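Undergrad: Structure file data_39.txt (compact mmCIF, C-alpha atoms) right here:
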```
# COMPACT_ATOMS: atom_id res chain seq x y z
CA MET C 1 -11.06 59.20 -93.26
CA ILE C 2 -14.72 59.11 -94.26
CA GLN C 3 -17.37 59.29 -91.58
CA ILE C 4 -18.68 55.77 -92.14
CA GLU C 5 -15.23 54.27 -91.66
CA ARG C 6 -14.75 56.35 -88.51
CA ASP C 7 -18.06 55.06 -87.13
CA ILE C 8 -17.19 51.46 -87.93
CA ILE C 9 -13.78 51.77 -86.26
CA SER C 10 -15.44 53.33 -83.24
CA ARG C 11 -17.83 50.39 -83.06
CA CYS C 12 -14.92 47.96 -83.37
CA GLN C 13 -13.22 49.73 -80.48
CA GLN C 14 -16.32 49.01 -78.42
CA GLY C 15 -16.06 45.31 -79.29
CA ASP C 16 -18.58 45.08 -82.14
CA LYS C 17 -17.56 42.02 -84.17
CA GLU C 18 -20.03 42.66 -86.99
CA ALA C 19 -18.39 46.02 -87.58
CA PHE C 20 -15.02 44.31 -87.61
CA ARG C 21 -16.27 41.92 -90.30
CA TRP C 22 -16.61 44.96 -92.57
CA VAL C 23 -12.99 45.93 -91.76
CA VAL C 24 -11.79 42.44 -92.66
CA GLN C 25 -13.75 42.28 -95.89
CA THR C 26 -12.53 45.71 -96.96
CA HIS C 27 -8.86 45.26 -96.23
CA GLN C 28 -8.08 41.55 -96.51
CA ARG C 29 -7.22 41.66 -100.20
CA MET C 30 -4.60 44.39 -99.80
CA ILE C 31 -3.01 42.51 -96.89
CA PHE C 32 -3.08 39.26 -98.84
CA SER C 33 -1.41 40.99 -101.79
CA LEU C 34 1.38 42.33 -99.59
CA ALA C 35 1.84 39.03 -97.75
CA LEU C 36 1.91 36.98 -100.95
CA LYS C 37 4.64 39.16 -102.46
CA MET C 38 6.61 39.25 -99.23
CA LEU C 39 6.39 35.57 -98.29
CA CYS C 40 6.00 34.05 -101.78
CA ASP C 41 3.64 31.37 -100.50
CA GLU C 42 -0.13 31.44 -100.84
CA GLU C 43 -0.93 29.47 -97.68
CA GLU C 44 1.56 31.49 -95.64
CA ALA C 45 -0.01 34.65 -97.02
CA LYS C 46 -3.51 33.56 -95.93
CA ASP C 47 -2.14 32.68 -92.54
CA MET C 48 -0.55 36.11 -92.37
CA VAL C 49 -3.86 37.80 -93.25
CA GLN C 50 -5.50 35.96 -90.38
CA GLU C 51 -2.70 36.84 -87.96
CA THR C 52 -2.80 40.48 -89.03
CA PHE C 53 -6.53 40.87 -88.42
CA ILE C 54 -6.33 39.14 -85.07
CA ARG C 55 -3.61 41.62 -84.12
CA VAL C 56 -5.71 44.51 -85.49
CA TRP C 57 -8.71 43.37 -83.44
CA GLN C 58 -6.63 43.05 -80.29
CA SER C 59 -5.08 46.48 -80.55
CA ILE C 60 -7.79 48.49 -82.29
CA ARG C 61 -8.50 50.37 -79.05
CA ASN C 62 -4.98 51.82 -79.33
CA TYR C 63 -5.55 53.00 -82.90
CA ASP C 64 -4.86 56.68 -83.30
CA PRO C 65 -7.58 58.22 -85.53
CA GLN C 66 -5.06 60.84 -86.70
CA LYS C 67 -3.42 58.12 -88.83
CA THR C 68 -4.90 56.55 -91.92
CA PHE C 69 -6.52 53.25 -90.96
CA SER C 70 -5.19 51.30 -93.97
CA THR C 71 -1.67 52.60 -93.24
CA TRP C 72 -2.00 51.38 -89.66
CA ILE C 73 -3.11 47.91 -90.85
CA TYR C 74 -0.31 47.85 -93.43
CA ALA C 75 2.20 48.65 -90.66
CA ILE C 76 0.98 45.72 -88.55
CA ALA C 77 1.08 43.36 -91.53
CA SER C 78 4.55 44.57 -92.57
CA HIS C 79 6.00 43.93 -89.13
CA LEU C 80 4.45 40.47 -89.01
CA CYS C 81 5.82 39.67 -92.49
CA ILE C 82 9.32 40.76 -91.47
CA ASP C 83 9.09 38.65 -88.31
CA ARG C 84 8.01 35.63 -90.32
CA LEU C 85 10.75 36.14 -92.92
CA LYS C 86 13.32 36.14 -90.13
CA ARG C 87 12.04 32.78 -88.92
CA THR C 88 11.80 31.10 -92.33
CA SER C 89 14.57 30.09 -94.67
CA ARG C 90 15.68 32.43 -97.45
CA ILE C 91 13.37 32.70 -100.45
CA VAL C 92 15.06 31.39 -103.60
CA ALA C 93 13.76 31.09 -107.14
CA LEU C 94 12.79 27.66 -108.45
CA PRO C 95 13.90 26.51 -111.91
CA ASP C 96 10.43 26.94 -113.45
CA ASP C 97 10.04 30.47 -112.08
CA HIS C 98 12.28 31.88 -114.82
CA LEU C 99 9.89 30.52 -117.45
CA VAL C 100 6.94 32.39 -115.89
CA LEU C 101 8.93 35.63 -115.87
CA ARG C 102 10.04 35.05 -119.48
CA ARG C 103 6.44 34.51 -120.56
CA PHE C 104 5.30 37.64 -118.70
CA ALA C 105 8.12 39.77 -120.10
CA GLY C 106 7.52 38.49 -123.63
CA ASP C 107 3.77 39.10 -123.58
CA SER C 108 2.90 42.51 -124.96
CA ASP C 109 -0.73 42.39 -123.78
CA SER C 110 -1.32 45.44 -121.62
CA GLN C 111 -4.46 43.91 -120.04
CA GLN C 112 -2.50 40.89 -118.87
CA SER C 113 -3.56 39.26 -115.61
CA LEU C 114 -1.56 36.99 -113.35
CA GLU C 115 -2.59 34.12 -111.18
CA ASN C 116 -1.33 34.02 -107.61
CA LYS C 117 1.20 31.30 -108.36
CA GLU C 118 2.50 33.34 -111.30
CA TRP C 119 2.88 36.34 -109.01
CA VAL C 120 4.82 34.16 -106.61
CA SER C 121 7.12 32.88 -109.37
CA ILE C 122 7.85 36.35 -110.72
CA VAL C 123 8.49 37.95 -107.33
CA ARG C 124 10.59 34.99 -106.23
CA THR C 125 12.73 35.43 -109.36
CA ILE C 126 13.22 39.17 -109.37
CA ALA C 127 13.47 39.75 -105.60
CA GLU C 128 15.91 36.95 -104.87
CA GLY C 129 18.87 38.26 -102.93
CA LEU C 130 17.11 41.25 -101.39
CA SER C 131 17.29 41.79 -97.65
CA ASP C 132 14.02 41.71 -95.70
CA LYS C 133 13.93 45.49 -95.43
CA GLN C 134 14.72 46.02 -99.12
CA ARG C 135 12.07 43.48 -100.04
CA LEU C 136 9.49 45.29 -97.91
CA VAL C 137 10.29 48.74 -99.29
CA PHE C 138 10.41 47.43 -102.86
CA THR C 139 7.08 45.61 -102.45
CA LEU C 140 5.32 48.60 -100.92
CA CYS C 141 6.72 51.24 -103.28
CA GLN C 142 7.08 49.35 -106.52
CA LEU C 143 4.60 46.49 -106.47
CA GLU C 144 1.84 47.96 -104.29
CA GLY C 145 2.38 51.44 -105.72
CA LEU C 146 2.20 53.29 -102.39
CA PRO C 147 3.59 56.84 -102.10
CA SER C 148 6.91 57.27 -100.25
CA ALA C 149 5.31 59.21 -97.39
CA GLU C 150 2.97 56.31 -96.65
CA VAL C 151 5.81 53.79 -96.91
CA GLU C 152 7.71 55.84 -94.33
CA GLN C 153 4.76 55.64 -91.95
CA ILE C 154 4.31 51.92 -92.52
CA THR C 155 7.93 50.91 -92.16
CA GLY C 156 9.03 53.50 -89.61
CA LEU C 157 11.97 54.42 -91.85
CA ASP C 158 12.80 58.00 -92.77
CA ALA C 159 12.67 59.34 -96.33
CA LYS C 160 16.40 58.82 -96.88
CA GLN C 161 16.29 55.20 -95.72
CA VAL C 162 13.27 54.43 -97.91
CA LYS C 163 15.01 55.99 -100.88
CA SER C 164 18.27 54.16 -100.33
CA ASN C 165 16.59 50.80 -99.72
CA LEU C 166 14.52 51.21 -102.87
CA TYR C 167 17.58 52.24 -104.87
CA VAL C 168 19.61 49.23 -103.72
CA ALA C 169 16.67 46.91 -104.36
CA ARG C 170 16.21 48.23 -107.88
CA GLN C 171 19.92 47.95 -108.61
CA THR C 172 19.97 44.34 -107.33
CA ILE C 173 16.93 43.48 -109.45
CA ARG C 174 18.45 45.18 -112.48
CA LYS C 175 21.63 43.14 -112.09
CA ARG C 176 19.63 39.96 -111.54
CA LEU C 177 17.53 40.51 -114.64
CA LYS C 178 20.66 41.35 -116.62
CA ASP C 179 22.21 38.05 -115.51
CA LEU C 180 19.04 36.31 -116.70
CA GLY C 181 19.41 37.99 -120.09
CA TYR C 182 16.72 40.67 -119.90
CA GLU C 183 18.82 43.76 -120.66
CA MET N 184 12.59 52.30 -121.37
CA ASN N 185 14.86 49.39 -120.51
CA LYS N 186 13.62 45.89 -119.84
CA THR N 187 13.89 46.05 -116.03
CA ASN N 188 11.82 49.22 -115.80
CA ASP N 189 9.38 47.81 -118.32
CA ILE N 190 8.85 44.65 -116.25
CA LEU N 191 8.50 46.61 -112.99
CA GLU N 192 6.04 49.09 -114.48
CA ARG N 193 3.94 46.30 -115.96
CA LEU N 194 3.88 44.50 -112.60
CA LYS N 195 2.51 47.66 -111.01
CA ALA N 196 -0.18 47.94 -113.68
CA VAL N 197 -1.26 44.31 -113.67
CA GLU N 198 -4.15 43.15 -111.48
CA GLN N 199 -3.06 42.50 -107.90
CA PRO N 200 -3.26 39.03 -106.30
CA ALA N 201 -6.67 38.00 -105.03
CA ILE N 202 -7.90 35.54 -102.43
CA ASP N 203 -9.58 32.57 -104.09
CA ASN N 204 -12.35 32.35 -101.48
CA PRO N 205 -12.48 35.65 -99.57
CA ASP N 206 -15.72 34.88 -97.68
CA ALA N 207 -14.29 31.67 -96.25
CA LEU N 208 -11.19 33.51 -95.10
CA THR N 209 -13.33 36.24 -93.51
CA ASP N 210 -15.39 33.62 -91.67
CA LEU N 211 -12.23 31.88 -90.51
CA ILE N 212 -10.80 35.16 -89.18
CA MET N 213 -14.07 36.08 -87.46
CA SER N 214 -14.37 32.68 -85.80
CA ASN N 215 -10.86 32.96 -84.38
CA LEU N 216 -11.10 36.45 -82.92
CA PRO N 217 -9.87 36.53 -79.32
CA GLU N 218 -10.88 38.99 -76.63
CA GLN N 219 -9.81 42.57 -77.19
CA LYS N 220 -6.96 43.96 -75.17
CA ALA N 221 -7.54 46.93 -72.92
CA PRO N 222 -6.02 50.16 -74.22
CA HIS N 223 -2.56 51.02 -72.97
CA GLU N 224 -2.71 52.68 -69.61
CA VAL N 225 0.22 54.76 -68.57
CA PRO N 226 0.75 54.13 -64.86
CA ALA N 227 0.83 57.28 -62.78
CA SER N 228 4.43 57.87 -61.90
CA LYS N 229 4.48 58.51 -58.17
CA PRO N 230 7.92 57.90 -56.71
CA GLN N 231 8.02 56.24 -53.33
CA ALA N 232 8.95 58.15 -50.18
CA VAL N 233 12.11 56.04 -49.78
CA LEU N 234 13.28 57.05 -53.25
CA ILE N 235 12.67 60.72 -52.51
CA ALA N 236 14.61 60.46 -49.24
CA LEU N 237 17.46 58.65 -51.00
CA ARG N 238 17.60 61.35 -53.65
CA ILE N 239 17.77 64.11 -51.02
CA ILE N 240 20.44 62.32 -48.99
CA SER N 241 22.59 61.57 -52.04
CA SER N 242 22.25 65.17 -53.27
CA VAL N 243 23.32 66.59 -49.89
CA ALA N 244 26.21 64.12 -49.70
CA ALA N 245 27.34 65.02 -53.20
CA LEU N 246 27.24 68.74 -52.39
CA TRP N 247 29.17 68.18 -49.15
CA LEU N 248 31.84 66.16 -50.99
CA ILE N 249 32.18 68.84 -53.66
CA GLY N 250 32.58 71.50 -50.95
CA LEU N 251 35.16 69.39 -49.16
CA PHE N 252 37.06 68.88 -52.40
CA PHE N 253 37.33 72.62 -53.04
CA TYR N 254 38.22 73.29 -49.42
CA LEU N 255 41.09 70.79 -49.56
CA GLN N 256 42.32 72.29 -52.80
CA GLN N 257 42.89 75.68 -51.19
CA GLU N 258 46.58 76.57 -51.33
CA PRO N 259 48.35 78.18 -48.39
CA ALA N 260 49.79 81.64 -48.93
CA ALA N 261 52.96 81.39 -50.98
CA LYS N 262 56.04 81.81 -48.84
CA VAL N 263 58.80 84.15 -49.81
CA GLU N 264 61.70 81.79 -50.27
CA THR N 265 65.05 83.26 -49.41
CA ALA N 266 68.37 81.72 -48.53
CA TYR N 267 67.82 82.83 -44.93
CA ASN N 268 64.36 81.30 -44.76
CA ASN N 269 65.69 78.06 -46.16
CA LYS N 270 68.30 77.94 -43.42
CA VAL N 271 65.72 78.67 -40.77
CA GLU N 272 63.44 76.04 -42.15
CA LYS N 273 66.20 73.50 -42.09
CA GLN N 274 66.76 74.26 -38.44
CA GLN N 275 63.10 73.80 -37.64
CA PRO N 276 61.90 70.36 -36.61
CA ALA N 277 60.59 68.09 -39.35
CA PRO N 278 56.92 68.73 -40.14
CA GLN N 279 54.38 66.45 -38.60
CA PRO N 280 52.80 63.75 -40.75
CA ALA N 281 49.61 64.79 -42.50
CA TYR N 282 47.46 62.30 -40.67
CA CYS N 283 46.09 62.27 -37.16
CA THR N 284 45.06 59.22 -35.20
CA GLU N 285 43.49 60.39 -31.96
CA GLY N 286 40.09 61.86 -31.18
CA THR N 287 36.66 61.65 -32.75
CA PRO N 288 36.36 61.36 -36.56
CA ARG N 289 35.53 65.07 -36.69
CA GLU N 290 38.64 65.97 -34.66
CA ILE N 291 40.78 63.70 -36.85
CA LEU N 292 39.41 65.40 -39.94
CA MET N 293 39.95 68.91 -38.60
CA CYS N 294 43.45 67.98 -37.42
CA TYR N 295 44.25 66.49 -40.83
CA MET N 296 43.08 69.58 -42.65
CA GLU N 297 44.99 71.92 -40.37
CA ARG N 298 48.22 69.95 -40.81
CA ARG N 299 47.74 69.71 -44.49
CA LYS N 300 47.22 73.46 -44.68
CA ALA N 301 50.36 74.04 -42.65
CA GLN N 302 52.50 71.90 -44.96
CA PRO N 303 54.25 73.71 -47.80
CA HIS N 304 52.86 72.99 -51.18
CA ILE N 305 54.87 70.27 -52.96
CA TYR N 306 54.61 71.90 -56.35
CA GLN N 307 55.87 75.21 -55.00
CA GLN N 308 58.78 73.40 -53.32
CA LEU N 309 59.77 71.59 -56.50
CA LYS N 310 59.52 74.81 -58.48
CA GLN N 311 61.68 76.62 -55.99
CA LYS N 312 64.31 73.87 -55.97
CA ASN N 313 64.38 73.77 -59.72
CA TYR N 314 64.80 77.55 -59.83
CA GLU N 315 67.63 77.49 -57.32
CA ASN N 316 69.49 74.67 -59.12
CA GLN N 317 69.57 76.56 -62.37
```
Could I get this file's structure written as structure tokens?
TA:
Amino acid sequence: MIQIERDIISRCQQGDKEAFRWVVQTHQRMIFSLALKMLCDEEEAKDMVQETFIRVWQSIRNYDPQKTFSTWIYAIASHLCIDRLKRTSRIVALPDDHLVLRRFAGDSDSQQSLENKEWVSIVRTIAEGLSDKQRLVFTLCQLEGLPSAEVEQITGLDAKQVKSNLYVARQTIRKRLKDLGYE
Amino acid sequence: MNKTNDILERLKAVEQPAIDNPDALTDLIMSNLPEQKAPHEVPASKPQAVLIALRIISSVAALWLIGLFFYLQQEPAAKVETAYNNKVEKQQPAPQPAYCTEGTPREILMCYMERRKAQPHIYQQLKQKNYENQ
């Protein structure tokens, strides 16, 4: 952790809201990205970002500086996402979602960019049928590109569980894409 | 590379989702911040005097019961069973019951243990009978 971040966290722990604004501005995009892929709804994702930072603010005095700060925030967001997924109905792909995936898969442009709603359509299509835990591990490892060790810290799972959840998720997605004619 | 891996790798490489109006979201979060919680305080674990007394009493009682158990398990000295002894035993009056009814609880207990000690061991008796019947 760099010194400036340590100082800002220390100020947040003393109740400095201006310091916390920096924390929000720095980390809100990564939390939004995770929440959007987990919940597949832009408004829900924004709501989740807000809930996460309120939780971070409330418990920042319990933050252990030995841990990476972004990992700690990711862990809070992940738990809140899982809680919300348990309360909401199962995420299923809509008919038009397949078209978005087909367009993305058929486009050979390496500099391709996706809008949020396109992200939602693609994730909703490929991750349909995954359990909450598999969805979380898949999102963190595969879509967010985090290393396994960090995913273990975020989810609280051990290396074996992360590996097996990721394997099952990939197999389910492979089968799903095969059914949709992508293999 | 197969199509699934290709799609997943491209998703990792593509630009991640972004908030359409990040400053507005930041302002919204900042305006809704509640009061901070106090850090977790681990309460000093000081057991009450009643609990300590209960622990001591239950430990002493447990030890006393264990001692009593072993004491009651003590076997009397094995008798040498002979045909003569059997005859003599048959002539002797029937043994008293193993329970006592008169006196203080301590006297009843001591009386019970003495009588129980005096009684021949049932297992030894059965073994002897079985041996003699063969």
Undergrad: One decimal, Å: what's the distance from atom CA of His98 of chain C over to atom CA of Lys133 of chain C, could you say?
TA: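 So the two atoms, atom CA of His98 of chain C and atom CA of Lys133 of chain C, lie 23.7 Å apart.
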Undergrad: Could you list as a ChimeraX atom specification every residue that has an atom within 12 Å of (2.3, 47.5, -91.4), using the file's coordinates and counting only C-alpha atoms?
TA: /C:30-31,34-35,48-49,52-53,55-56,68-83,136-137,140,150-157
Undergrad: Provide the atom CA of Ala93 of chain C to atom CA of Glu128 of chain C distance in Å, to one decimal place.
TA: 6.6 Å
Undergrad: Quick check, in Å to one decimal: how far apart do atom CA of Ser89 of chain C and atom CA of Asn204 of chain N lie?
TA: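 Going from atom CA of Ser89 of chain C over to atom CA of Asn204 of chain N, I get 27.9 Å.
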Undergrad: Point out the residue among C:Leu101, C:Ile8, C:Ala159, C:Leu130 with the least atom-to-atom distance to chain N, counting all atoms listed in the file.
TA: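 Going through C:Leu101, C:Ile8, C:Ala159, C:Leu130 one by one, the smallest distance to chain N is for C:Leu101.
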